[in-house]
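Chemist: Take a look at the following structure, please.
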Amino acid sequence: MSIDKILLDHGSGGKASHSLIADLLVPEFENPILAQLDDSAIFDIEGKRLAFSTDTYVVDPIFFPGGNIGDLAVNGTVNDLAMCGATPLYLSVGLIIEEGLSMADLKKILKAMREAARKADVLIVTGDTKVVPNGAADKIFINTSGVGLIPEGTNISGHNARPGDKIIISGTIADHGITVLTQREGMTFESPIQSDTAPLNHMVREMIAASDQVHALRDPTRGGVGTSLNEIAAQSKVGIKIYEEALPIREEVSGICELLGFDPLYVANEGKLLAFVGPDVWEKVLETMKASEYGKDACIIGEVVADSPGKVFMKTRIGSTRIVNMLTGEQLPRIC
Amino acid sequence: MKHIDEYRDPELSRKIVDKIRAISRKRVRLMEVCGTHTMAIFRSGIRALLPETITLLSGPGCPVCVTSQQEIDAFIKVARVKDVIVATFGDLMRVPGTHSSLQKERAKGKEIQIVYSAFDALDLAESNPQKDVVFLGIGFETTAPTIAASIMEAEKRELDNFSVLSAHKLVPPALSALMTADDVRIDGFICPGHVSVIIGTRAYVPVVEKYHIPCVVSGFEPADILQSIYMLVKQTETGDATLENEYRRAVAFEGNKKARQIMYKVFEPTDARWRGIGTIPQSGLKIRREFDSFNAEKRFDLSVPDSKEPKGCACGEILMGMKTPPECPLYNEVCTPSHPVGPCMVSTEGTCAAYYKYDA
Ligand code: SF4
């Protein structure tokens, strides 16, 4: 069936987003840098390796426990740069504001951005502001772009995972998506859960310093851990095996997922990373992560295997094995 | 939470699998009636652990999947009525009716709100006195009591702008219908846990006695389901056909009498049309006369023409365990979760969606 309109699915971060990018966007702008399809573009200028990335934030609601659209937008681009091993340096900010947004809300958002930039140690150096009539946007949308410098000798890419690599997640999964969802639906639960939005660049720097065997990094945002693992499996042409028992999920989050029929593997995170690390050094890298502010709950969730390239399997609790596919059709629009 | 973890214990599950393997000789086809069981089976990979002798079939226990096309058309019709706000469970949004879906209606500007309980719809009615709030009541004996309670509450609050469009279904009559249908071969039922909390194991006595079919009421953890399979296999091997309860920690023989009283105070059984299966006598719930003012069918003209279900969609046969999704010619070709043709691909508990997600 041919599709003549953009559907919300195309923004889900799952299968439909990927085919939109692969079938429409990449061919249109074809070039070798874009073709890498990593979290940032990587290129050399006068002997320096740079990473360059952009992301747009349309989260609804704009304020949620653990953060708001402002720090989310800063952390998101910082993390995209960090996932390539880059040290994020400078950010641009584009604001699309709907007429009628309260000045107090805008101030709160800007303050969160300033604070996030300070924490991540980046500077917001240029920006743009547009105001559109009521209804042409929803309160506020934010674009951030950023550049970072990749230290010499660092070669981290979604293409570099190898059989034998251990897969580490930096903490509990699905917190951000479930927080935003429950806020949006006005659901209140006894134990409040929080978005995990956080800058991961400092932790990444420490990981790289600890070992030169950090092969690939990815922050499992839209589409969740399940989708990110599928991306890496495809890019690196390897198989991936994870263990259901090892997946760190907060009890409250897992309860809400069960209640609403969501699979936590596909729910967005905003302050977590997946690391693919060589078999001899994983302990050291894991220790480094655990010592870091945003990696306290880091743990191994699986490994890279040589067979079934491009596929992700999960060893279930009861000892069976099943496929973990890319996200399809499940809709949690405007999660970030 | 400890209590549940026991049933997630991998050791326990492995032991039960060994037990099943040790006794299973005959080829048997066991049906898990409930969509939540279907999802749990796929998520934990139970199928891959079972010996070849055992085939698991997914039954008509996903509320969205069994909602007939005409009922969907009626939902759409009420959404088009002026000044009506439709309140619905999210799963229904994307189910295609004959010409439209609730999602498409919402995109066209109709007021449709997703709620998680009928009581949310009640609040919606209270805060929108100038509008008519219609709650789409779907589901089995699990949800019906709450929806009945919401109607009683609406009466108490004297709300005159709240009504329910009841498309509820009852599980035991569906099991009987499956047993009498041609071409259906089932050797045992894994009976739903949540539904049984309300109706009790007693509700299955007639089915077991009349059709001489083993039934086991099961919980939702992998070990529960495996244990239920073991109990069914044991029965089929010895030629027994009895009713057993694996889910004793939640289900009693009598069920929840109070919930049933509330349910039958507001509703009464009626013939109902199931998708793909057709009309099953006394298998649905309609709102009793005393509560006419809360009955959307009485408040609005919701008659819709007879309609054919989408061509090629095998949902009906799948719900009856006669086909598996890959045997549907549309599966994964035309029909995917992003472009569902039938409800079995829409609902998170639908069999086609489960196959697509976990098996493709
Ligand atoms: S795959 Fe689609 S068309 Fe085929 S039975 Fe399932 S829902 Fe119907």
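Identifiers in the structure tokens: chain A, B, ... in order shown; residue index from 1 per chain; ligand index from 1 in order shown.
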Counting only C-alpha atoms, which residues from chain B have an atom at most 7 Å from any atom of chain A, and could you show them as a list in words?

Modeler: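 Every residue meeting the condition is included here: Pro10, Ser13, Arg14, Ser44, Gly45, Ile46, Ala48, Leu49, Val334, Pro337, Ser338, Thr348, Lys357, Tyr358 and Asp359 of chain B.
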
Chemist: Can those selected residues be exported to a file as a compact mmCIF listing (two decimals), in the first residue's frame so that it contains N, CA, C and O atoms?

Modeler:
# COMPACT_ATOMS: atom_id res chain seq x y z
N PRO B 10 12.95 -18.68 36.93
CA PRO B 10 13.29 -19.48 35.76
C PRO B 10 13.41 -20.97 36.07
O PRO B 10 13.03 -21.81 35.26
N SER B 13 10.03 -22.62 36.10
CA SER B 13 9.52 -22.78 34.74
C SER B 13 10.21 -23.94 34.04
O SER B 13 9.56 -24.75 33.37
N ARG B 14 11.50 -24.01 34.18
CA ARG B 14 12.24 -25.07 33.50
C ARG B 14 11.78 -26.45 33.98
O ARG B 14 11.62 -27.38 33.20
N SER B 44 7.42 -14.26 26.75
CA SER B 44 8.36 -15.10 27.49
C SER B 44 8.89 -16.24 26.62
O SER B 44 9.76 -16.98 27.05
N GLY B 45 8.37 -16.36 25.41
CA GLY B 45 8.90 -17.38 24.50
C GLY B 45 8.47 -18.79 24.85
O GLY B 45 9.20 -19.75 24.62
N ILE B 46 7.28 -18.92 25.41
CA ILE B 46 6.82 -20.25 25.85
C ILE B 46 6.69 -21.24 24.70
O ILE B 46 7.05 -22.41 24.82
N ALA B 48 8.41 -21.76 22.11
CA ALA B 48 9.66 -22.41 21.71
C ALA B 48 10.10 -23.47 22.70
O ALA B 48 10.92 -24.33 22.38
N LEU B 49 9.58 -23.43 23.91
CA LEU B 49 9.99 -24.40 24.92
C LEU B 49 9.17 -25.68 24.89
O LEU B 49 9.56 -26.70 25.44
N VAL B 334 0.01 -6.48 3.31
CA VAL B 334 -0.81 -5.27 3.34
C VAL B 334 -1.07 -4.84 4.77
O VAL B 334 -1.19 -3.67 5.09
N PRO B 337 1.07 -3.37 11.83
CA PRO B 337 0.54 -2.52 12.90
C PRO B 337 0.36 -1.06 12.47
O PRO B 337 -0.51 -0.37 12.99
N SER B 338 1.18 -0.58 11.54
CA SER B 338 0.99 0.81 11.11
C SER B 338 -0.19 0.94 10.16
O SER B 338 -0.79 1.99 10.06
N THR B 348 -3.14 -4.20 21.16
CA THR B 348 -1.88 -4.69 21.69
C THR B 348 -2.00 -6.16 22.10
O THR B 348 -1.01 -6.84 22.24
N LYS B 357 5.00 -8.69 16.19
CA LYS B 357 5.99 -8.10 17.06
C LYS B 357 7.05 -9.11 17.51
O LYS B 357 8.23 -8.81 17.56
N TYR B 358 6.61 -10.32 17.80
CA TYR B 358 7.52 -11.25 18.45
C TYR B 358 7.97 -12.41 17.57
O TYR B 358 8.80 -13.20 17.96
N ASP B 359 7.40 -12.53 16.42
CA ASP B 359 7.65 -13.75 15.66
C ASP B 359 8.12 -13.47 14.24
O ASP B 359 8.66 -14.33 13.59

Chemist: Please extract the residues of stretch 110-264 of chain A with a backbone DSSP assignment of strand (DSSP E or B) and present them as JSON, numbers by chain.

Modeler: {"A": [123, 124, 125, 126, 127, 128, 129, 130, 131, 132, 140, 141, 142, 143, 144, 145, 146, 147, 148, 149, 150, 166, 167, 168, 169, 214, 215, 216, 217, 218, 239, 240, 241, 242, 243]}

Chemist: Quick one: residues within 10 Å of ligand 1, with only C-alpha atoms and all ligand atoms, as a VMD selection string?

Modeler: chain B and resid 65 95 276 309 to 319 323 to 337 339 to 347 350 to 353 355 to 356

Chemist: My list of candidates is A:Ile301, A:Leu110, A:Gly153, A:Asn75. Which is closest to A:Lys48 when distances are computed with only C-alpha atoms?

Modeler: A:Gly153

Chemist: What's the 10 Å shell around stretch 125-137 of chain A, counting only C-alpha atoms, without same-chain residues fewer than 3 positions away, as a VMD selection string?

Modeler: chain A and resid 58 89 to 101 122 140 to 146

Chemist: If you run DSSP on the backbone, which residues of stretch 148-299 of chain A are helix (DSSP H, G or I), as an MDAnalysis selection string?

Modeler: chainID A and resid 175:184 201:210 224:236 244:246 251:260 264:266 282:290

Chemist: State, in Å with one decimal place, the distance from atom CA of B:Ala148 to atom CA of B:Pro63.

Modeler: 16.9 Å
